[in-house]
Amino acid sequence: KQTVADMNDDTRPPVLRMQNLERLDNEGAYKVAVENGLHDTIVKLCKDDTDHALTRFRDGHVYDKTSYAHFVMMTLWRGQRNSRAGSFSYGKCDGTRVKKFIRSSPDAFPALWEACLALVMIPLDEDVYRKDPRLHHEVHQVARDVLAGFSQIFTNDGTSKAILRGPRTKNEETMVAFGKDRIEYFASTINPVIKALDGAKEGRDARSVLEGYIYQNSAMIAYRAREYGIDDDFASKLKMNPASTAMY
């Protein structure tokens with residue numbers, strides 16, 4: 001309960017709002033947090049990232065240069081939380097936690113997805129790039145982490161179904177219709193990022209790592225869409241040039 005209260009305390013700097021998420025490593029504590037509004041809090045903080053993360057990283061105090069979505073994905077939803085204590089790598093997601101969040105409200109997945117795409121755009125910002133090489137490296141790593149997180153999320157069948165088939169129902173037509181809308185949503189949100197990465201200046205996306213992850217996630221979305229009978233050609237909805245198509 002205190003952890004959720006800290007996350008909601010907008011008098012605190014962002015880092016301090018998120019610094020104790022490890023309290024929720026164990027399922028008992030996490031369940032209590034969910035009962036006390038954790039999912040709604042995550043949605044709110046993800047929307048804040050979408051609107052304000054660039055400003056925080058570009059102009060904020062050191063304690064402001066934080067992404068809420070990054071904290072959530074790397075701490076609350078990282079698999080093997082206890083066996084890999086002290087490690088910040090993301091090799092496995094907690095599919096159950098992610099799935100329950102996605103199904104907690106219609107706003108949940110879009111809030112998370114759009115926050116993470118907003119983070120991908122920050123390393124491309126000219127002021128961020130020129131201000132401090134260490135800052136640019138940090139935000140590039142943050143963007144890389146969240147895209148890697150989505151690679152793990154789309155690997156999980158249960159979370160993929162929650163994302164692409166929507167709320168549980170026995171009506172197959174309803175699920176497919178939801179999925180078709182979701183596919184159009186993915187295309188509309190991914191295409192601006194593809195355009196930005198394709199036009200990024202040298203050094204903004206070192207070794208084209210973010211671009212690679214965007215196409216990896218797009219390919220995984222396409223695979224799941226085919227698997228679930230939603231869409232057979234997601235790639236045709238993406239505005240890729242020949243080099244991008246090869247990477248995809």
# chains A, B, ... in the order shown; residues from 1 in each chain; ligands from 1

call {"tool": "residues_around", "arguments": {"residues": "A:Ala187", "least_positions_apart": "4", "cutoff": "12 Å", "atoms": "only C-alpha atoms", "output": "ChimeraX atom specification"}}
result
/A:180-183,191-194,214-215,217-219,221-222,233-240

call {"tool": "select_by_dssp", "arguments": {"residues": "stretch 13-238 of chain A", "states": "helix (DSSP H, G or I)", "output": "MDAnalysis selection string"}}
result
chainID A and resid 14:18 21:24 27:35 38:59 62:64 68:76 95:102 108:124 126:131 133:155 157:164 172:198 206:227 234:237

call {"tool": "residues_around", "arguments": {"residues": "stretch 54-58 of chain A", "least_positions_apart": "3", "cutoff": "12 Å", "atoms": "only C-alpha atoms", "output": "ChimeraX atom specification"}}
result
/A:13-15,48-51,61-68,115-132,134-140,142-143

call {"tool": "closest_residue", "arguments": {"among": "A:Ile230, A:Val146, A:Cys46, A:Val98", "to": "A:Ala162", "atoms": "only C-alpha atoms"}}
result
A:Val98

call {"tool": "residues_around", "arguments": {"residues": "A:Gln2", "least_positions_apart": "3", "cutoff": "10 Å", "atoms": "only C-alpha atoms", "output": "MDAnalysis selection string"}}
result
chainID A and resid 5:8 20 23 33 36

call {"tool": "write_last_selection", "arguments": {"atoms": "C-alpha atoms", "output": "short mmCIF file (atom, residue, chain, number, x, y, z; two decimals), in the first residue's frame"}}
result
data_model
loop_
_atom_site.label_atom_id
_atom_site.label_comp_id
_atom_site.auth_asym_id
_atom_site.auth_seq_id
_atom_site.Cartn_x
_atom_site.Cartn_y
_atom_site.Cartn_z
CA ALA A 5 1.15 5.75 -2.28
CA ASP A 6 4.78 6.67 -3.06
CA MET A 7 4.18 6.18 -6.78
CA ASN A 8 1.20 8.53 -6.61
CA ASN A 20 11.15 1.03 -3.71
CA ARG A 23 9.06 -4.24 -2.14
CA ALA A 33 -0.59 -3.29 -4.29
CA ASN A 36 -4.82 -0.67 -3.75
#

call {"tool": "closest_residue", "arguments": {"among": "A:His70, A:Lys99, A:Lys92, A:Arg78", "to": "A:Ile163", "atoms": "only C-alpha atoms"}}
result
A:Lys99

call {"tool": "atom_distance", "arguments": {"atom1": "atom CA of A:Arg224", "atom2": "atom CA of A:Ser151"}}
result
12.2 Å

call {"tool": "closest_residue", "arguments": {"among": "A:Asp198, A:Val209, A:Gly28, A:Asp231", "to": "A:Val176", "atoms": "only C-alpha atoms"}}
result
A:Asp231

call {"tool": "closest_residue", "arguments": {"among": "A:Val72, A:Ile42, A:Ala246, A:Ala53", "to": "A:Ala108", "atoms": "only C-alpha atoms"}}
result
A:Ile42

call {"tool": "atom_distance", "arguments": {"atom1": "atom CA of A:Leu76", "atom2": "atom CA of A:Thr159"}}
result
15.3 Å

call {"tool": "closest_residue", "arguments": {"among": "A:Gly158, A:Gly149, A:Gly37, A:Pro106", "to": "A:Trp77", "atoms": "only C-alpha atoms"}}
result
A:Gly149

call {"tool": "closest_residue", "arguments": {"among": "A:Thr96, A:Arg204, A:Asp157, A:Leu112", "to": "A:Gln141", "atoms": "only C-alpha atoms"}}
result
A:Arg204

call {"tool": "atom_distance", "arguments": {"atom1": "atom CA of A:Arg165", "atom2": "atom CA of A:Phe178"}}
result
6.1 Å

call {"tool": "residues_around", "arguments": {"residues": "A:Glu22", "least_positions_apart": "3", "cutoff": "8 Å", "atoms": "only C-alpha atoms", "output": "number ranges by chain"}}
result
A: 19, 25, 75-76
